[in-house]
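> Structure below; questions to follow.
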Amino acid sequence: MYGENGQLDRIVHIREHLGRFSDEPPSLKPLNILGNWVGGQHSMSTDLGILPEESMQISFEQLRDDHKMIPLPGSIMLILPEMVEVNQPIHIAAAQQTANHQLNYLAADYSADGVFTLLTFATLQKQI
């Protein structure tokens, strides 16, 4: 949630599994997503059309200047804007590292009017 000043104030994390709350205690295993990641991305537009697959390259260091990276259980990282402003587009994302060291990346983009514009899913490999 964002406060009246537009700054990220808090998040609420509710763990649910198969229609009930999880009995397992959360564990925060460190997730190292820094570095350059490359792979393929699929996007869905506002008309629910799926765009052709494209290549994607992302460096999470670039996002650290104006986004907060919040680790969650299950090797998940939330990537949220530090601050939101009226009449400015926003980009929110989540990343999850898989057992084979790939990174699943899911991002949603919203226009300056707060209208959903694009949903992107990517499977990425760390560039060495």
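Naming works like this for the structure tokens: A, B, ... for the chains as they're shown, residue 1 at the start of each chain, ligands 1 onward in shown order.
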Counting only C-alpha atoms, give me one row per residue of stretch 43-78 of chain A with an atom at most 12 Å from an atom of stretch 84-90 of chain A, showing the shortest contact pair and its distance in Å to one decimal, sorted by chain then residue number, as a Markdown table.


| residue | atom | partner | partner_atom | distance |
| --- | --- | --- | --- | --- |
| A:Asp66 | CA | A:Val84 | CA | 10.0 |
| A:His67 | CA | A:Val84 | CA | 10.2 |
| A:Lys68 | CA | A:Val84 | CA | 11.9 |

> Those selected residues, please, written with C-alpha atoms and delivered as an mmCIF file, in the first residue's frame.


data_model
loop_
_atom_site.group_PDB
_atom_site.id
_atom_site.type_symbol
_atom_site.label_atom_id
_atom_site.label_comp_id
_atom_site.auth_asym_id
_atom_site.auth_seq_id
_atom_site.Cartn_x
_atom_site.Cartn_y
_atom_site.Cartn_z
ATOM 1 C CA ASP A 66 13.445 3.831 -7.923
ATOM 2 C CA HIS A 67 12.043 0.405 -7.026
ATOM 3 C CA LYS A 68 12.022 -1.499 -3.770
#

> May I have the residues within 10 Å of A:Gln127 as a list in words, using only C-alpha atoms and disregarding those fewer than 2 positions away in the same chain?

Gly35, Asn36, Trp37, Val38, Gly39, Gln57, Ile58, Ser59, Leu124 and Gln125 of chain A

> By how many Å are atom CA of A:Thr123 and atom CA of A:Ile79 apart?

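According to the coordinates, atom CA of A:Thr123 and atom CA of A:Ile79 are separated by 16.2 Å.
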
> Pick from A:Leu51, A:Met69, A:Ile76, A:Ile33: nearest to A:Ile92, with only C-alpha atoms counted?

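Among A:Leu51, A:Met69, A:Ile76, A:Ile33, it is A:Met69 that comes nearest to A:Ile92.
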